[in-house]
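As C-alpha cells, the structure follows; a few thoughts come after it.
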Amino acid sequence: MPDRLDGTVALITGASSGIGEATALAFAEQGAAVALAARRADRLEALAAKIREAGGTAVTIAADVTDEQQAREAVKRTAAELGRLDTLVNNAGVMLVGPVVDAPVKEWERMVQVNLLGLLYCAHAALPHLLEAAESQPRRVADMVNISSVAGRTARRGFGVYNATKHAVGAFSESLRQEVTGRHVRVSLVEPGAVETELVSQNRPEIQELLGQRFTGVERLQAADIADAINYIVTRPRRVAVNEILIRPTEQE
Ligand code: NDP
C-alpha cells in the first residue's frame, strides 16, 4: 500500500515547466505542500494557482539555482513558509549539445553551473532539513530525488559535456546515498530518455533540427510519465529505497 504525502513538504527545482511542473502537480495530488522554484516567476504563479484551485498548498520561489545564496534561500524559505522539508526534487537542468570541436564554451559553463553546481547547492542546503524530517512524523523518512538522464549512463557523440554533468550527478547521488541512507534519507536517481518538454528549445537552431531528426519515429515520453516514476519513489514505505530508475520511450534505442 503506497504512502500518501499528506503532511509532507516538497521543494521542486525547475518547476516552471516540463518534468518539474508535472512532478509538482503529482505531489500536490498526493497531499504534499509544494514549494515551486525556478527563474520564471509568472510560470510558477500560474502553476501555484492551479494547485490551490484543486485544494492544494503551493508557494512560489523565484530562484536561480546557479547562485548559491539563491539556492540556499529557496530551501530556507520552503522550511520557513511550509514548516519542514521532506522531499527535494533536484530537477532544474539544461541540455546544450553539439560537437565538442568549436563548441561555445559558455554553453558548457551553463550546464556545469545548472546541472551540477545548482544541484549540489540545493542538496547541501536541504540535507539538514531532510535529516530532521527523517526523524520526525508523518513519515520518518525523507527523499532527495536527483534527475539525471540516459545521458548519465551512456556517453554519446555530440553530448559530451551534458554526459559529463549527468554522470557526475549519478556519482554524487550514489556517494551521498551511502552516507545518509542509514539515517533514513533516501537518495534516488531518475534517468529519463527523450521526454517532450522545452529542454531542446534552448539549443542553437541547427542543433534543434538534428535532435528532431534523431528521434524521428519515436513517441516521446510525457513529463507526467517521469512524474509518475518520481511519485513512485517517494510514496514507497519507509523500508523501501528505490535507488535508480532508467525510463526510456519504448521506441528509443
Ligand atoms: P524544461 O526545459 O521543460 O525544464 C527545465 C527547468 O529547469 C525549467 O523549469 C527551468 O526554469 C529550470 N531551470 C533552468 N535553469 C535554471 C536555473 N538557473 N535556476 C533555476 N531553474 C532553472 O526541461 P525538462 O523538464 O525536460 O528538464 C528537467 C530535467 O530533466 C533536467 O535536469 C533535464 O536534464 C532532465 N532530463 C530531461 C530529458 C528530456 O528529454 N526532456 C531527458 C533526460 C533528462 P526557468 O527557465 O524558469 O528557470
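FYI, nothing fancy with the C-alpha cells labels: chains A, B, ... in order, residues from 1 per chain, ligands from 1 as they appear.
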**Study point:** Test item: residues at most 10 Å from Glu21 in chain A, only C-alpha atoms, excluding those fewer than 4 positions along its chain, as a count of residues only
**Key:** 18
Exercise for review: Excluding Arg239 in chain A and any residue of its chain fewer than 4 positions from it, enumerate the residues within 12 Å of it, using only C-alpha atoms, and give them as a VMD selection string.
Suggested key: chain A and resid 2 to 3 139 to 142 181 to 186 233 to 235
Per-residue nearest contacts of chain A to ligand 1 (6 Å; only C-alpha atoms and all ligand atoms) as a tab-separated table:
```
residue	atom	partner	partner_atom_place_in_ligand_line	distance
A:Thr13	CA	ligand 1	21 (N)	5.9
A:Gly14	CA	ligand 1	9 (O)	3.2
A:Ala15	CA	ligand 1	9 (O)	4.6
A:Ser16	CA	ligand 1	9 (O)	3.9
A:Ser17	CA	ligand 1	3 (O)	4.4
A:Gly18	CA	ligand 1	25 (O)	3.4
A:Ile19	CA	ligand 1	25 (O)	3.8
A:Gly20	CA	ligand 1	25 (O)	5.7
A:Ala38	CA	ligand 1	21 (N)	3.9
A:Arg39	CA	ligand 1	48 (O)	3.5
A:Arg40	CA	ligand 1	47 (O)	3.7
A:Ala63	CA	ligand 1	20 (C)	5.7
A:Asp64	CA	ligand 1	19 (N)	3.5
A:Val65	CA	ligand 1	19 (N)	4.0
A:Thr66	CA	ligand 1	18 (N)	5.2
A:Asn91	CA	ligand 1	32 (O)	4.7
A:Ala92	CA	ligand 1	7 (O)	3.5
A:Gly93	CA	ligand 1	32 (O)	3.5
A:Val94	CA	ligand 1	34 (O)	5.4
A:Met95	CA	ligand 1	34 (O)	5.8
A:Val114	CA	ligand 1	18 (N)	5.3
A:Ile147	CA	ligand 1	32 (O)	5.4
A:Ser148	CA	ligand 1	44 (C)	5.5
A:Ser149	CA	ligand 1	43 (C)	3.9
A:Pro192	CA	ligand 1	43 (C)	4.2
A:Gly193	CA	ligand 1	42 (C)	4.7
A:Ala194	CA	ligand 1	40 (O)	3.5
A:Val195	CA	ligand 1	40 (O)	3.6
A:Glu196	CA	ligand 1	41 (N)	5.7
A:Thr197	CA	ligand 1	3 (O)	4.5
A:Glu198	CA	ligand 1	3 (O)	4.0
A:Leu199	CA	ligand 1	2 (O)	3.5
```
Study note, to complete from the structure: CA of Asn163 in chain A to CA of Val100 in chain A measures 11.9 Å
Point to revise | DSSP strand (DSSP E) selection over range 13-81 of chain A, as a PyMOL selection string | key: chain A and resi 13+33-38+58-62
Point to revise | Close residues, Glu253 in chain A itself excluded, 10 Å, only C-alpha atoms, min 5 positions apart in chain, as a ChimeraX atom specification | key: /A:193,215,218,248
Convert the current residue selection to file output with C-alpha atoms, as a short mmCIF file (atom, residue, chain, number, x, y, z; two decimals), in the first residue's frame.
```cif
data_model
loop_
_atom_site.label_atom_id
_atom_site.label_comp_id
_atom_site.auth_asym_id
_atom_site.auth_seq_id
_atom_site.Cartn_x
_atom_site.Cartn_y
_atom_site.Cartn_z
CA GLY A 193 15.17 9.11 -22.11
CA PHE A 215 14.08 10.96 -32.66
CA VAL A 218 9.95 7.78 -31.57
CA ARG A 248 13.02 5.39 -21.97
#
```
Check your understanding: When DSSP works through the backbone of this structure, what residues of range 15-114 of chain A end up as helix (DSSP H, G or I), shown as a PyMOL selection string?
Key -> chain A and resi 18-29+41-53+68-82+105-114
How would the residues just picked look written out with C-alpha atoms as a PDB file, in the first residue's frame?
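Result went into selection_4.pdb, see below:
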```pdb
ATOM      1  CA  GLY A  18       8.234  20.057 -18.091  1.00  0.00           C
ATOM      2  CA  ILE A  19       9.117  17.360 -15.585  1.00  0.00           C
ATOM      3  CA  GLY A  20       9.279  19.716 -12.600  1.00  0.00           C
ATOM      4  CA  GLU A  21       5.818  21.115 -13.269  1.00  0.00           C
ATOM      5  CA  ALA A  22       4.318  17.638 -13.723  1.00  0.00           C
ATOM      6  CA  THR A  23       6.001  16.439 -10.517  1.00  0.00           C
ATOM      7  CA  ALA A  24       4.615  19.347  -8.520  1.00  0.00           C
ATOM      8  CA  LEU A  25       1.112  18.511  -9.733  1.00  0.00           C
ATOM      9  CA  ALA A  26       1.559  14.821  -8.908  1.00  0.00           C
ATOM     10  CA  PHE A  27       2.876  15.543  -5.407  1.00  0.00           C
ATOM     11  CA  ALA A  28       0.093  18.019  -4.675  1.00  0.00           C
ATOM     12  CA  GLU A  29      -2.461  15.404  -5.713  1.00  0.00           C
ATOM     13  CA  ALA A  41       8.057  33.605 -11.612  1.00  0.00           C
ATOM     14  CA  ASP A  42       4.983  34.058 -13.857  1.00  0.00           C
ATOM     15  CA  ARG A  43       5.003  30.383 -14.800  1.00  0.00           C
ATOM     16  CA  LEU A  44       5.378  29.372 -11.159  1.00  0.00           C
ATOM     17  CA  GLU A  45       2.465  31.601 -10.138  1.00  0.00           C
ATOM     18  CA  ALA A  46       0.204  30.041 -12.773  1.00  0.00           C
ATOM     19  CA  LEU A  47       1.096  26.556 -11.543  1.00  0.00           C
ATOM     20  CA  ALA A  48       0.595  27.511  -7.893  1.00  0.00           C
ATOM     21  CA  ALA A  49      -2.842  28.933  -8.733  1.00  0.00           C
ATOM     22  CA  LYS A  50      -3.798  25.649 -10.419  1.00  0.00           C
ATOM     23  CA  ILE A  51      -2.674  23.636  -7.388  1.00  0.00           C
ATOM     24  CA  ARG A  52      -4.517  25.924  -4.964  1.00  0.00           C
ATOM     25  CA  GLU A  53      -7.713  25.771  -7.059  1.00  0.00           C
ATOM     26  CA  GLU A  68      24.472  29.578  -4.115  1.00  0.00           C
ATOM     27  CA  GLN A  69      22.728  32.205  -1.996  1.00  0.00           C
ATOM     28  CA  GLN A  70      19.513  31.912  -4.019  1.00  0.00           C
ATOM     29  CA  ALA A  71      19.601  28.112  -3.810  1.00  0.00           C
ATOM     30  CA  ARG A  72      20.126  28.312  -0.051  1.00  0.00           C
ATOM     31  CA  GLU A  73      17.358  30.892   0.283  1.00  0.00           C
ATOM     32  CA  ALA A  74      14.938  28.659  -1.682  1.00  0.00           C
ATOM     33  CA  VAL A  75      15.459  25.868   0.835  1.00  0.00           C
ATOM     34  CA  LYS A  76      15.259  28.259   3.788  1.00  0.00           C
ATOM     35  CA  ARG A  77      12.016  29.818   2.548  1.00  0.00           C
ATOM     36  CA  THR A  78      10.444  26.399   1.949  1.00  0.00           C
ATOM     37  CA  ALA A  79      11.112  25.317   5.508  1.00  0.00           C
ATOM     38  CA  ALA A  80      10.068  28.692   6.930  1.00  0.00           C
ATOM     39  CA  GLU A  81       6.841  29.056   4.948  1.00  0.00           C
ATOM     40  CA  LEU A  82       5.721  25.425   4.853  1.00  0.00           C
ATOM     41  CA  VAL A 105      32.292  27.263 -24.045  1.00  0.00           C
ATOM     42  CA  LYS A 106      29.593  29.415 -22.432  1.00  0.00           C
ATOM     43  CA  GLU A 107      27.141  26.546 -23.068  1.00  0.00           C
ATOM     44  CA  TRP A 108      29.416  24.155 -21.195  1.00  0.00           C
ATOM     45  CA  GLU A 109      29.716  26.566 -18.293  1.00  0.00           C
ATOM     46  CA  ARG A 110      25.937  26.936 -18.122  1.00  0.00           C
ATOM     47  CA  MET A 111      25.402  23.157 -17.994  1.00  0.00           C
ATOM     48  CA  VAL A 112      28.010  22.684 -15.280  1.00  0.00           C
ATOM     49  CA  GLN A 113      26.509  25.570 -13.313  1.00  0.00           C
ATOM     50  CA  VAL A 114      22.871  24.423 -13.524  1.00  0.00           C
TER      51      VAL A 114
END
```
Revision key, fill the gap. Separating CA of Leu131 in chain A from CA of Leu5 in chain A, to the nearest tenth of an Å, is a gap of 17.2 Å
Check your understanding: Between A:Ile207, A:Leu127, A:Leu11, A:Ile247, which has the minimum distance to Ala103 in chain A (counting only C-alpha atoms)?
Key -> A:Ile207
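Closest approach to Gln208 in chain A among A:Ala133, A:Leu96, A:Asp6, A:Val150: A:Leu96, based on only C-alpha atoms.
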Point to revise | Neighbour list for Ala168 in chain A as a list in words, cut-off 10 Å, only C-alpha atoms, skip fewer than 2 positions in-chain | key: Val112, Asn115, Leu116, Ser148, Gly152, Tyr162, Asn163, Ala164, Thr165, Lys166, Gly170, Ala171, Phe172 and Ser173 of chain A
Residues as selected, C-alpha atoms, written as a PDB file, in the first residue's frame, can you do that?
```
ATOM      1  CA  VAL A 112      28.010  22.684 -15.280  1.00  0.00           C
ATOM      2  CA  ASN A 115      23.049  20.631 -13.798  1.00  0.00           C
ATOM      3  CA  LEU A 116      25.874  20.111 -11.358  1.00  0.00           C
ATOM      4  CA  SER A 148      19.880  12.619 -14.285  1.00  0.00           C
ATOM      5  CA  GLY A 152      24.140   9.937 -17.260  1.00  0.00           C
ATOM      6  CA  TYR A 162      25.871  17.111 -20.936  1.00  0.00           C
ATOM      7  CA  ASN A 163      27.030  13.487 -20.472  1.00  0.00           C
ATOM      8  CA  ALA A 164      29.739  14.709 -18.104  1.00  0.00           C
ATOM      9  CA  THR A 165      27.316  16.681 -15.921  1.00  0.00           C
ATOM     10  CA  LYS A 166      24.773  13.859 -15.716  1.00  0.00           C
ATOM     11  CA  GLY A 170      24.971   9.836 -10.744  1.00  0.00           C
ATOM     12  CA  ALA A 171      28.313   9.573  -8.954  1.00  0.00           C
ATOM     13  CA  PHE A 172      27.376  12.205  -6.385  1.00  0.00           C
ATOM     14  CA  SER A 173      23.984  10.610  -5.754  1.00  0.00           C
TER      15      SER A 173
END
```
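Summary of the local environment: counting only C-alpha atoms, residues at most 10 Å from Pro99 in chain A, other than itself and those fewer than 4 positions away along its chain, are Ala103, Pro104, Arg157, Gly158, Phe159, Gly160, Val161 and Ile207 of chain A.
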Could those selected residues go to a file with all heavy atoms, as a tab-separated table (two decimals), in the first residue's frame?
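selection17.tsv written:
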```
chain	number	residue	atom	x	y	z
A	103	ALA	N	32.77	24.21	-29.98
A	103	ALA	CA	31.56	24.45	-29.19
A	103	ALA	C	31.67	25.78	-28.44
A	103	ALA	O	32.77	26.17	-28.05
A	103	ALA	CB	31.36	23.33	-28.17
A	104	PRO	N	30.55	26.49	-28.25
A	104	PRO	CA	30.60	27.70	-27.42
A	104	PRO	C	30.81	27.30	-25.95
A	104	PRO	O	29.95	26.64	-25.37
A	104	PRO	CB	29.22	28.33	-27.61
A	104	PRO	CG	28.54	27.54	-28.69
A	104	PRO	CD	29.20	26.22	-28.76
A	157	ARG	N	28.30	10.54	-28.87
A	157	ARG	CA	28.90	11.61	-29.68
A	157	ARG	C	27.94	12.80	-29.74
A	157	ARG	O	26.73	12.62	-29.96
A	157	ARG	CB	29.11	11.03	-31.08
A	157	ARG	CG	29.62	11.99	-32.08
A	157	ARG	CD	29.83	11.24	-33.38
A	157	ARG	NE	29.99	12.18	-34.47
A	157	ARG	CZ	30.44	11.83	-35.66
A	157	ARG	NH1	30.75	10.57	-35.91
A	157	ARG	NH2	30.57	12.74	-36.59
A	158	GLY	N	28.45	13.98	-29.51
A	158	GLY	CA	27.62	15.19	-29.59
A	158	GLY	C	27.04	15.62	-28.25
A	158	GLY	O	26.47	16.69	-28.14
A	159	PHE	N	27.17	14.76	-27.24
A	159	PHE	CA	26.55	15.06	-25.94
A	159	PHE	C	27.59	15.20	-24.83
A	159	PHE	O	27.24	15.20	-23.64
A	159	PHE	CB	25.56	13.95	-25.56
A	159	PHE	CG	24.27	14.00	-26.31
A	159	PHE	CD1	24.22	13.65	-27.66
A	159	PHE	CD2	23.10	14.42	-25.69
A	159	PHE	CE1	23.02	13.70	-28.38
A	159	PHE	CE2	21.90	14.49	-26.40
A	159	PHE	CZ	21.86	14.12	-27.75
A	160	GLY	N	28.87	15.36	-25.19
A	160	GLY	CA	29.97	15.23	-24.24
A	160	GLY	C	29.82	15.92	-22.90
A	160	GLY	O	29.93	15.28	-21.85
A	161	VAL	N	29.55	17.22	-22.90
A	161	VAL	CA	29.53	17.93	-21.62
A	161	VAL	C	28.23	17.66	-20.87
A	161	VAL	O	28.22	17.55	-19.64
A	161	VAL	CB	29.81	19.44	-21.83
A	161	VAL	CG1	29.73	20.19	-20.50
A	161	VAL	CG2	31.19	19.62	-22.45
A	207	ILE	N	21.12	22.69	-34.09
A	207	ILE	CA	21.17	21.54	-33.17
A	207	ILE	C	19.76	21.02	-32.91
A	207	ILE	O	19.52	19.80	-32.87
A	207	ILE	CB	21.84	21.94	-31.82
A	207	ILE	CG1	23.26	22.47	-32.05
A	207	ILE	CG2	21.82	20.79	-30.82
A	207	ILE	CD1	24.28	21.45	-32.43
```
